[in-house]
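Quick look at final.cif (mmCIF, C-alpha atoms):
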```
data_work
#
loop_
_atom_site.label_atom_id
_atom_site.label_comp_id
_atom_site.auth_asym_id
_atom_site.auth_seq_id
_atom_site.Cartn_x
_atom_site.Cartn_y
_atom_site.Cartn_z
CA MET U 133 28.30 -52.81 -55.71
CA ILE U 134 27.03 -55.10 -52.95
CA GLY U 135 30.54 -56.26 -52.14
CA ARG U 136 31.79 -52.65 -51.81
CA LYS U 137 29.06 -51.24 -49.54
CA ASN U 138 31.22 -51.26 -46.38
CA THR U 139 34.37 -49.73 -47.84
CA GLY U 140 33.32 -46.09 -47.26
CA ARG U 141 31.88 -46.49 -43.78
CA ALA U 142 33.53 -44.39 -41.05
CA SER U 143 34.65 -46.11 -37.87
CA PRO U 144 32.49 -45.72 -34.72
CA VAL U 145 35.38 -43.99 -32.93
CA LEU U 146 35.68 -41.38 -35.67
CA LEU U 147 31.92 -40.69 -35.56
CA VAL U 148 32.04 -40.19 -31.79
CA LEU U 149 34.97 -37.77 -32.11
CA LEU U 150 33.18 -35.81 -34.83
CA ALA U 151 30.02 -35.58 -32.72
CA LEU U 152 31.94 -34.32 -29.68
CA GLY U 153 33.76 -31.77 -31.80
CA PHE U 154 30.49 -30.46 -33.21
CA PHE U 155 28.98 -30.25 -29.71
CA PHE U 156 31.84 -28.19 -28.25
CA ALA U 157 31.97 -25.90 -31.28
CA SER U 158 28.24 -25.24 -31.04
CA TYR U 159 28.44 -24.67 -27.28
CA ASN U 160 31.24 -22.11 -27.63
CA PHE U 161 29.42 -20.32 -30.44
CA LEU U 162 26.19 -20.03 -28.42
CA SER U 163 28.09 -18.88 -25.34
CA ILE U 164 29.63 -16.03 -27.32
CA ILE U 165 26.21 -14.94 -28.61
CA ILE U 166 24.58 -15.07 -25.15
CA HIS U 167 27.47 -13.18 -23.53
CA ASN U 168 27.38 -10.50 -26.22
CA LYS U 169 23.61 -10.10 -25.84
CA ALA U 170 23.86 -9.81 -22.08
CA SER U 171 26.63 -7.21 -22.24
CA ASN U 172 24.67 -4.99 -24.64
CA SER U 173 21.11 -5.41 -23.35
CA GLY U 174 21.21 -2.62 -20.80
CA SER U 175 21.69 0.32 -23.18
CA TRP U 176 19.10 -0.19 -25.91
CA VAL U 177 16.39 2.00 -24.35
CA ALA U 178 18.32 5.24 -24.11
CA ASP U 179 19.51 4.88 -27.69
CA ARG U 180 16.30 3.61 -29.30
CA LEU U 181 13.38 5.17 -27.49
CA ASP U 182 12.49 7.21 -30.58
CA TRP U 183 13.20 4.36 -33.01
CA PHE U 184 10.81 1.59 -33.95
CA ASP U 185 11.71 -1.96 -34.82
CA PRO U 186 8.70 -4.30 -34.73
CA ILE U 187 10.83 -7.20 -33.54
CA ILE U 188 13.59 -6.82 -30.95
CA GLY U 189 15.13 -10.12 -30.00
CA VAL U 190 14.15 -13.65 -30.90
CA PRO U 191 11.47 -15.51 -28.92
CA GLU U 192 12.22 -18.88 -27.45
CA LYS U 193 11.04 -21.66 -29.76
CA VAL U 194 11.73 -24.82 -27.79
CA LYS U 195 9.38 -25.86 -25.03
CA ARG U 196 11.08 -26.64 -21.74
CA SER U 197 11.25 -30.28 -20.78
CA GLY U 198 11.79 -32.01 -17.47
CA ASN U 199 11.12 -30.71 -13.98
CA PHE U 200 10.86 -26.95 -13.44
CA ASN U 201 9.90 -24.43 -10.79
CA SER U 202 6.35 -23.26 -11.52
CA LYS U 203 6.49 -20.32 -9.10
CA PHE U 204 5.70 -16.95 -10.64
CA HIS U 205 6.67 -13.47 -9.48
CA VAL U 206 3.74 -11.10 -8.97
CA ALA U 207 4.59 -7.78 -10.67
CA LEU U 208 2.22 -4.89 -10.01
CA THR U 209 2.66 -1.63 -11.94
CA ALA U 210 1.39 1.52 -10.22
CA SER U 211 1.70 5.27 -9.86
CA ASP U 212 2.09 7.22 -6.62
CA ALA U 213 -1.41 8.70 -6.76
CA SER U 214 -3.40 8.32 -3.53
CA TYR U 215 -6.06 6.20 -5.20
CA SER U 216 -3.42 3.88 -6.67
CA GLN U 217 -1.70 3.56 -3.29
CA TRP U 218 -4.99 2.61 -1.64
CA GLN U 219 -5.60 -0.07 -4.28
CA CYS U 220 -2.05 -1.42 -3.95
CA ARG U 221 -2.38 -1.86 -0.19
CA ILE U 222 -5.60 -3.88 -0.63
CA MET U 223 -4.13 -5.95 -3.45
CA TYR U 224 -0.95 -6.72 -1.47
CA TYR U 225 -3.00 -7.69 1.60
CA TRP U 226 -4.92 -10.32 -0.38
CA TYR U 227 -1.74 -11.54 -2.08
CA LYS U 228 -0.27 -12.34 1.35
CA LYS U 229 -3.44 -14.14 2.45
CA ILE U 230 -3.64 -16.29 -0.69
CA LYS U 231 0.04 -16.92 -1.38
CA GLU U 232 0.59 -19.82 1.01
CA MET U 233 -2.70 -21.61 0.39
CA PRO U 234 -2.62 -25.09 -1.21
CA GLY U 235 -2.67 -24.83 -4.99
CA SER U 236 -0.96 -21.45 -5.13
CA ASP U 237 2.17 -21.00 -7.27
CA MET U 238 2.72 -17.40 -6.16
CA GLY U 239 6.31 -16.40 -5.57
CA GLU U 240 7.62 -13.03 -4.47
CA PHE U 241 5.88 -9.68 -5.04
CA THR U 242 7.08 -6.38 -6.52
CA ARG U 243 5.23 -3.13 -6.95
CA ILE U 244 6.81 -1.45 -9.97
CA LEU U 245 6.36 2.23 -9.18
CA HIS U 246 6.66 4.24 -12.41
CA SER U 247 6.46 7.69 -10.85
CA GLY U 248 10.25 8.08 -10.67
CA SER U 249 10.71 8.57 -6.92
CA PRO U 250 10.02 6.64 -3.69
CA ASP U 251 6.69 7.10 -1.93
CA LYS U 252 5.25 6.38 1.52
CA LEU U 253 4.58 2.70 0.79
CA MET U 254 8.23 1.76 0.25
CA GLU U 255 8.53 0.15 3.70
CA GLU U 256 5.16 -1.58 3.46
CA ILE U 257 5.23 -3.12 -0.03
CA PRO U 258 8.32 -4.46 -1.86
CA THR U 259 8.86 -1.79 -4.50
CA PHE U 260 11.05 -1.11 -7.52
CA VAL U 261 11.17 2.56 -8.56
CA ALA U 262 11.20 3.03 -12.34
CA ASP U 263 11.69 6.25 -14.25
CA PRO U 264 8.67 7.61 -16.11
CA LEU U 265 8.89 8.34 -19.81
CA PRO U 266 10.49 11.66 -20.75
CA GLU U 267 8.18 14.56 -19.96
CA GLY U 268 5.38 14.99 -22.44
CA LEU U 269 5.95 11.70 -24.25
CA ASP U 270 2.95 10.00 -22.64
CA ARG U 271 0.67 12.93 -23.58
CA GLY U 272 -1.23 12.58 -20.35
CA TYR U 273 -1.84 8.84 -20.87
CA VAL U 274 -0.17 7.64 -17.68
CA VAL U 275 -0.39 3.89 -18.39
CA LEU U 276 2.00 4.41 -21.30
CA ASN U 277 4.66 4.30 -18.57
CA ARG U 278 3.76 0.66 -17.82
CA PRO U 279 5.73 -1.08 -20.62
CA TRP U 280 8.66 1.29 -20.11
CA ALA U 281 8.67 0.45 -16.39
CA PHE U 282 8.68 -3.30 -17.15
CA VAL U 283 11.72 -2.87 -19.40
CA GLN U 284 13.64 -1.17 -16.57
CA TRP U 285 12.57 -3.72 -13.96
CA LEU U 286 13.49 -6.70 -16.12
CA GLU U 287 16.92 -5.22 -16.85
CA LYS U 288 17.84 -4.12 -13.33
CA ALA U 289 16.01 -6.27 -10.78
CA LYS U 290 17.03 -9.70 -9.50
CA ILE U 291 14.03 -11.94 -10.24
CA GLU U 292 14.39 -15.47 -8.97
CA GLU U 293 11.21 -16.93 -10.46
CA GLU U 294 11.09 -18.23 -14.03
CA TYR U 295 7.59 -16.84 -14.60
CA ILE U 296 5.93 -13.46 -14.05
CA LEU U 297 2.32 -12.52 -13.37
CA MET U 298 1.62 -9.02 -14.66
CA ALA U 299 -1.05 -7.57 -12.40
CA GLU U 300 -2.74 -4.24 -11.67
CA PRO U 301 -3.79 -2.38 -8.51
CA ASP U 302 -7.51 -3.08 -9.05
CA HIS U 303 -7.01 -6.84 -8.74
CA ILE U 304 -7.98 -8.86 -5.67
CA PHE U 305 -6.89 -12.49 -5.34
CA VAL U 306 -9.81 -14.63 -4.20
CA ASN U 307 -8.62 -18.20 -4.85
CA PRO U 308 -5.14 -19.79 -4.86
CA LEU U 309 -3.67 -19.03 -8.28
CA PRO U 310 -1.65 -21.80 -9.95
CA ASN U 311 0.74 -21.22 -12.83
CA LEU U 312 -1.69 -21.22 -15.77
CA ALA U 313 1.08 -21.00 -18.37
CA ASP U 314 2.09 -24.10 -20.31
CA GLY U 315 5.83 -24.18 -20.73
CA ILE U 316 6.72 -21.27 -23.04
CA GLN U 317 3.07 -20.52 -23.84
CA PRO U 318 1.74 -17.80 -21.54
CA ALA U 319 -1.79 -17.54 -20.18
CA GLY U 320 -3.97 -14.45 -20.42
CA PHE U 321 -7.51 -13.26 -19.86
CA PRO U 322 -9.65 -12.54 -22.97
CA PHE U 323 -11.29 -9.10 -22.83
CA PHE U 324 -14.56 -8.71 -24.71
CA TYR U 325 -13.63 -5.16 -25.72
CA ILE U 326 -10.25 -6.01 -27.30
CA LYS U 327 -11.21 -6.81 -30.91
CA PRO U 328 -8.22 -6.68 -33.26
CA ALA U 329 -10.19 -8.10 -36.21
CA GLU U 330 -12.62 -5.16 -36.06
CA HIS U 331 -9.73 -2.69 -36.41
CA GLU U 332 -7.77 -4.37 -39.20
CA LYS U 333 -6.98 -1.15 -41.06
CA ILE U 334 -5.40 0.35 -37.94
CA ILE U 335 -3.74 -2.85 -36.75
CA ARG U 336 -1.98 -3.25 -40.11
CA LYS U 337 0.01 -0.10 -39.39
CA PHE U 338 1.80 -2.06 -36.68
CA TYR U 339 1.28 -5.70 -37.68
CA PRO U 340 2.27 -6.20 -41.34
CA LYS U 341 0.44 -8.67 -43.57
CA GLU U 342 3.47 -10.93 -43.87
CA LYS U 343 3.15 -11.70 -40.15
CA GLY U 344 -0.23 -13.35 -40.73
CA PRO U 345 -3.93 -12.63 -40.25
CA VAL U 346 -5.05 -10.06 -37.70
CA ALA U 347 -7.08 -12.84 -36.07
CA ASP U 348 -3.76 -14.24 -34.79
CA ILE U 349 -3.57 -11.33 -32.33
CA ASP U 350 -4.94 -12.37 -28.95
CA PRO U 351 -7.86 -10.35 -27.46
CA ILE U 352 -5.87 -9.48 -24.34
CA GLY U 353 -3.94 -6.82 -22.52
CA ASN U 354 -0.75 -7.35 -20.61
CA SER U 355 -2.67 -8.01 -17.42
CA PRO U 356 -3.50 -10.47 -16.11
CA VAL U 357 -0.89 -12.55 -17.94
CA ILE U 358 1.42 -15.26 -16.60
CA ILE U 359 4.45 -15.47 -18.87
CA LYS U 360 8.00 -16.78 -18.87
CA LYS U 361 10.45 -14.11 -17.81
CA SER U 362 12.60 -14.76 -20.88
CA SER U 363 9.61 -14.24 -23.19
CA LEU U 364 8.64 -10.99 -21.50
CA GLU U 365 12.21 -9.75 -21.80
CA GLU U 366 11.88 -10.16 -25.56
CA ILE U 367 8.41 -8.64 -25.84
CA ALA U 368 8.72 -5.65 -23.50
CA PRO U 369 10.94 -3.41 -25.68
CA THR U 370 8.64 -3.99 -28.66
CA TRP U 371 5.67 -3.26 -26.41
CA VAL U 372 7.22 0.13 -25.57
CA ASN U 373 7.79 0.97 -29.21
CA VAL U 374 4.35 -0.12 -30.41
CA SER U 375 2.69 1.82 -27.58
CA LEU U 376 4.55 5.01 -28.47
CA ARG U 377 3.79 4.65 -32.16
CA MET U 378 0.11 4.00 -31.50
CA LYS U 379 -0.14 7.06 -29.24
CA ASP U 380 1.64 9.14 -31.85
CA ASP U 381 -0.86 8.15 -34.56
CA PRO U 382 -4.07 10.25 -34.22
CA GLU U 383 -6.31 7.66 -35.89
CA THR U 384 -5.08 4.88 -33.63
CA ASP U 385 -5.20 7.02 -30.51
CA LYS U 386 -8.82 7.97 -31.20
CA ALA U 387 -9.91 4.43 -32.02
CA PHE U 388 -8.27 2.68 -29.04
CA GLY U 389 -8.52 5.39 -26.37
CA TRP U 390 -7.89 4.16 -22.83
CA VAL U 391 -7.17 0.58 -23.99
CA LEU U 392 -4.41 1.63 -26.43
CA GLU U 393 -1.63 0.16 -24.31
CA MET U 394 -3.55 -3.12 -24.08
CA TYR U 395 -3.72 -3.34 -27.86
CA ALA U 396 -0.01 -2.52 -27.97
CA TYR U 397 0.84 -5.53 -25.79
CA ALA U 398 -1.39 -7.82 -27.85
CA VAL U 399 0.30 -6.68 -31.07
CA ALA U 400 3.82 -6.81 -29.61
CA SER U 401 3.41 -10.39 -28.38
CA ALA U 402 2.00 -11.46 -31.77
CA LEU U 403 4.98 -9.83 -33.52
CA HIS U 404 7.15 -12.18 -31.47
CA ASP U 405 4.97 -15.17 -32.38
CA VAL U 406 3.89 -15.49 -28.76
CA HIS U 407 0.28 -16.61 -28.38
CA HIS U 408 -1.58 -16.94 -25.10
CA ILE U 409 -3.79 -19.61 -23.60
CA LEU U 410 -7.05 -17.73 -23.09
CA ARG U 411 -8.44 -18.44 -19.63
CA ASN U 412 -11.92 -17.12 -18.85
CA ASP U 413 -11.50 -18.35 -15.28
CA PHE U 414 -8.43 -16.16 -14.77
CA MET U 415 -10.54 -13.20 -13.67
CA LEU U 416 -14.09 -12.01 -13.01
CA GLN U 417 -15.40 -8.49 -13.57
CA PRO U 418 -18.35 -7.28 -11.50
CA PRO U 419 -21.09 -6.31 -12.26
CA TRP U 420 -21.00 -8.53 -15.34
CA ASP U 421 -19.87 -11.56 -13.30
CA LEU U 422 -22.04 -12.26 -10.31
CA ASN U 423 -20.29 -15.27 -8.70
CA VAL U 424 -16.68 -15.85 -7.70
CA GLY U 425 -16.84 -19.64 -8.02
CA LYS U 426 -13.43 -21.06 -8.91
CA LYS U 427 -12.11 -17.93 -10.58
CA PHE U 428 -8.89 -16.44 -9.27
CA ILE U 429 -8.98 -12.63 -9.43
CA ILE U 430 -11.65 -9.97 -8.98
CA HIS U 431 -11.14 -7.03 -11.33
CA TYR U 432 -13.17 -4.24 -9.78
CA THR U 433 -12.67 -1.78 -12.61
CA TYR U 434 -16.28 -0.74 -13.09
CA GLY U 435 -17.73 2.07 -10.97
CA CYS U 436 -21.44 1.94 -10.13
CA ASP U 437 -23.50 5.12 -10.40
CA TYR U 438 -26.95 5.11 -8.82
CA ASN U 439 -29.91 7.47 -8.71
CA LEU U 440 -33.54 6.98 -7.65
CA LYS U 441 -34.53 5.43 -10.98
CA TRP U 442 -31.64 3.35 -12.27
CA SER U 443 -28.00 2.41 -12.02
CA SER U 444 -25.27 2.50 -14.61
CA PHE U 445 -21.75 1.20 -14.86
CA ARG U 446 -18.69 3.00 -16.11
CA GLU U 447 -15.03 2.12 -16.53
CA ASN U 448 -12.81 3.80 -13.93
#
```
Spell out the structure here as structure tokens.
Amino acid sequence: MIGRKNTGRASPVLLVLLALGFFFASYNFLSIIIHNKASNSGSWVADRLDWFDPIIGVPEKVKRSGNFNSKFHVALTASDASYSQWQCRIMYYWYKKIKEMPGSDMGEFTRILHSGSPDKLMEEIPTFVADPLPEGLDRGYVVLNRPWAFVQWLEKAKIEEEYILMAEPDHIFVNPLPNLADGIQPAGFPFFYIKPAEHEKIIRKFYPKEKGPVADIDPIGNSPVIIKKSSLEEIAPTWVNVSLRMKDDPETDKAFGWVLEMYAYAVASALHDVHHILRNDFMLQPPWDLNVGKKFIIHYTYGCDYNLKWSSFREN
């Protein structure tokens, strides 16, 4: 047997030829898949808005290597209400002041207007006009238009940056914001009131047991989140579907209330096996946080009510 060990060995030339053949076959196969996906991606919403599939698309599994552009596109979803317009003008002003500071990875800016028609800020703030959901589908819960608007923007807009920061009108940038994501792993802010584990019975309607424990769902909303554009493209359609199903379920709607769409994003990202780096320094929320320090965003969501005896805080 020892004397025959070399008789079946292939020549180095043959091995090289086989390797090259395998490479070109794999490349052509993947090109066909990518081309087919790109040609069909634009029509799924109109056909599937009333249909639920917990997973649409396959998340990226391989972390990027080598040099890359860490710039992120700032995407702000908003309505055309006067209050929202006022907030957007303030937010955009501070974006422009902070963008060019050392340590900032901010790229371009887009206000994603989900009211369906242009408004008076079109010339002042770079804006993409998205269609709202069909009439009555949001049941008066206007932020349900947010995931649907992101789907349209991602499909139709030309976005140069590889990453996206999902932001809201009541955000003010106070320190240069670097790209907090790590390769394909996005970064998000943990909200103390998003508690998936405390709502396991409800969560299981949308996150089946075979996906894993409810504790795997991050305590976040979609904003603020810095995420790879390719990952968000996979998550956004699922985010739409989960949001609509949650709103359509009376028990879920009652339990989650005004943060329903936040829970929907958390569940949708977990369904795609996307888990976020939780950054407490991403944002501060007065009156609970008293100092800016090295944090990056002020979230002024809480209104302050005063009388002669005491003050209270409420969510706007």
For CA of Val206 (chain U) and CA of Tyr225 (chain U), the interatomic separation in Å (one decimal): 13.0 Å
Residue with smallest distance to Phe204 (chain U) - pool U:Leu265, U:Tyr224, U:Val357, U:Lys333, counting all atoms listed in the file: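 Checking each candidate against Phe204 (chain U), we get U:Val357 as the closest.
Picture a line from CA of Ser375 (chain U) to CA of Glu293 (chain U); it runs 26.8 Å.
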Minimum-distance residue to Gly389 (chain U), chosen among U:Tyr273, U:Glu287, U:Ala207, U:Thr433 (using all atoms listed in the file):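 Of all the options, U:Tyr273 lies closest to Gly389 (chain U).
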Point-to-point distance in Å for CA of Trp371 (chain U) and CA of Ala396 (chain U):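 So the answer is 5.9 Å.
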Within 10 Å of file point (0.6, -17.1, -20.5), counting all atoms listed in the file, expressed as a short mmCIF file (atom, residue, chain, number, x, y, z; two decimals) with C-alpha atoms, in the frame of the given file:
```cif
data_model
loop_
_atom_site.label_atom_id
_atom_site.label_comp_id
_atom_site.auth_asym_id
_atom_site.auth_seq_id
_atom_site.Cartn_x
_atom_site.Cartn_y
_atom_site.Cartn_z
CA TYR U 295 7.59 -16.84 -14.60
CA ILE U 296 5.93 -13.46 -14.05
CA LEU U 297 2.32 -12.52 -13.37
CA ASN U 311 0.74 -21.22 -12.83
CA LEU U 312 -1.69 -21.22 -15.77
CA ALA U 313 1.08 -21.00 -18.37
CA ASP U 314 2.09 -24.10 -20.31
CA GLY U 315 5.83 -24.18 -20.73
CA ILE U 316 6.72 -21.27 -23.04
CA GLN U 317 3.07 -20.52 -23.84
CA PRO U 318 1.74 -17.80 -21.54
CA ALA U 319 -1.79 -17.54 -20.18
CA GLY U 320 -3.97 -14.45 -20.42
CA PHE U 321 -7.51 -13.26 -19.86
CA ASN U 354 -0.75 -7.35 -20.61
CA PRO U 356 -3.50 -10.47 -16.11
CA VAL U 357 -0.89 -12.55 -17.94
CA ILE U 358 1.42 -15.26 -16.60
CA ILE U 359 4.45 -15.47 -18.87
CA LYS U 360 8.00 -16.78 -18.87
CA SER U 363 9.61 -14.24 -23.19
CA VAL U 406 3.89 -15.49 -28.76
CA HIS U 407 0.28 -16.61 -28.38
CA HIS U 408 -1.58 -16.94 -25.10
CA ILE U 409 -3.79 -19.61 -23.60
CA LEU U 410 -7.05 -17.73 -23.09
CA ARG U 411 -8.44 -18.44 -19.63
#
```
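Remark: for Phe338 (chain U), the closest of the candidate residues U:Leu309, U:Leu403, U:Met394, U:Ala299 is U:Leu403 (distances computed over all atoms listed in the file).
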Phe414 (chain U) environment, 7 Å, all atoms listed in the file, sequence neighbours closer than 5 positions dropped, as a ChimeraX atom specification: /U:321,427-429
Picked residues, the PyMOL selection byres ((chain U and resi 289) around 12), expected as an NGL selection string: :U and (174 or 205 or 207 or 242-244 or 258-262 or 281-288 or 290-293 or 361)
Take the PyMOL selection byres ((chain U and resi 219) around 10), apply it to the structure above, and return the hits as a PDB file with C-alpha atoms, keeping the file's coordinate frame.
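As written to disk, out-v5.pdb reads:
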```pdb
ATOM      1  CA  ALA U 210       1.390   1.520 -10.220  1.00  0.00           C
ATOM      2  CA  SER U 214      -3.400   8.320  -3.530  1.00  0.00           C
ATOM      3  CA  TYR U 215      -6.060   6.200  -5.200  1.00  0.00           C
ATOM      4  CA  SER U 216      -3.420   3.880  -6.670  1.00  0.00           C
ATOM      5  CA  GLN U 217      -1.700   3.560  -3.290  1.00  0.00           C
ATOM      6  CA  TRP U 218      -4.990   2.610  -1.640  1.00  0.00           C
ATOM      7  CA  CYS U 220      -2.050  -1.420  -3.950  1.00  0.00           C
ATOM      8  CA  ARG U 221      -2.380  -1.860  -0.190  1.00  0.00           C
ATOM      9  CA  ILE U 222      -5.600  -3.880  -0.630  1.00  0.00           C
ATOM     10  CA  MET U 223      -4.130  -5.950  -3.450  1.00  0.00           C
ATOM     11  CA  TYR U 224      -0.950  -6.720  -1.470  1.00  0.00           C
ATOM     12  CA  TYR U 225      -3.000  -7.690   1.600  1.00  0.00           C
ATOM     13  CA  GLU U 300      -2.740  -4.240 -11.670  1.00  0.00           C
ATOM     14  CA  PRO U 301      -3.790  -2.380  -8.510  1.00  0.00           C
ATOM     15  CA  ASP U 302      -7.510  -3.080  -9.050  1.00  0.00           C
ATOM     16  CA  HIS U 303      -7.010  -6.840  -8.740  1.00  0.00           C
ATOM     17  CA  ILE U 304      -7.980  -8.860  -5.670  1.00  0.00           C
TER      18      ILE U 304
END
```
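When you apply the PyMOL selection byres ((chain U and resi 353) around 7) to this structure, what comes back is Ile352, Asn354, Ser355, Met394, Tyr395, Tyr397 and Ala398 of chain U.
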Exercise: Glu330 (chain U) partners within 12 Å, only C-alpha atoms, chain neighbours under 6 positions left out, as a ChimeraX atom specification: /U:336,346-347,349,351,387-388
Dump of C-alpha atoms for the selected residues, as a PDB file, keeping the file's coordinate frame:
```pdb
ATOM      1  CA  ARG U 336      -1.980  -3.250 -40.110  1.00  0.00           C
ATOM      2  CA  VAL U 346      -5.050 -10.060 -37.700  1.00  0.00           C
ATOM      3  CA  ALA U 347      -7.080 -12.840 -36.070  1.00  0.00           C
ATOM      4  CA  ILE U 349      -3.570 -11.330 -32.330  1.00  0.00           C
ATOM      5  CA  PRO U 351      -7.860 -10.350 -27.460  1.00  0.00           C
ATOM      6  CA  ALA U 387      -9.910   4.430 -32.020  1.00  0.00           C
ATOM      7  CA  PHE U 388      -8.270   2.680 -29.040  1.00  0.00           C
TER       8      PHE U 388
END
```
Nearby residues (all atoms listed in the file) at most 10 Å from Lys229 (chain U), same-chain spacing under 2 positions excluded, as a ChimeraX atom specification: /U:224-227,231-233,305-308
Export, as an mmCIF file, in the frame of the given file, the selected residues with C-alpha atoms.
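Output file again-v2.cif follows:
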```
data_model
loop_
_atom_site.group_PDB
_atom_site.id
_atom_site.type_symbol
_atom_site.label_atom_id
_atom_site.label_comp_id
_atom_site.auth_asym_id
_atom_site.auth_seq_id
_atom_site.Cartn_x
_atom_site.Cartn_y
_atom_site.Cartn_z
ATOM 1 C CA TYR U 224 -0.950 -6.720 -1.470
ATOM 2 C CA TYR U 225 -3.000 -7.690 1.600
ATOM 3 C CA TRP U 226 -4.920 -10.320 -0.380
ATOM 4 C CA TYR U 227 -1.740 -11.540 -2.080
ATOM 5 C CA LYS U 231 0.040 -16.920 -1.380
ATOM 6 C CA GLU U 232 0.590 -19.820 1.010
ATOM 7 C CA MET U 233 -2.700 -21.610 0.390
ATOM 8 C CA PHE U 305 -6.890 -12.490 -5.340
ATOM 9 C CA VAL U 306 -9.810 -14.630 -4.200
ATOM 10 C CA ASN U 307 -8.620 -18.200 -4.850
ATOM 11 C CA PRO U 308 -5.140 -19.790 -4.860
#
```
Among listed residues U:Arg377, U:His431, U:His404, U:Lys386, nearest Asp270 (chain U) (using only C-alpha atoms): U:Arg377
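Remark: for Ser202 (chain U), the closest of the candidate residues U:Pro310, U:Gly248, U:Leu269, U:Pro264 is U:Pro310 (distances computed over all atoms listed in the file).
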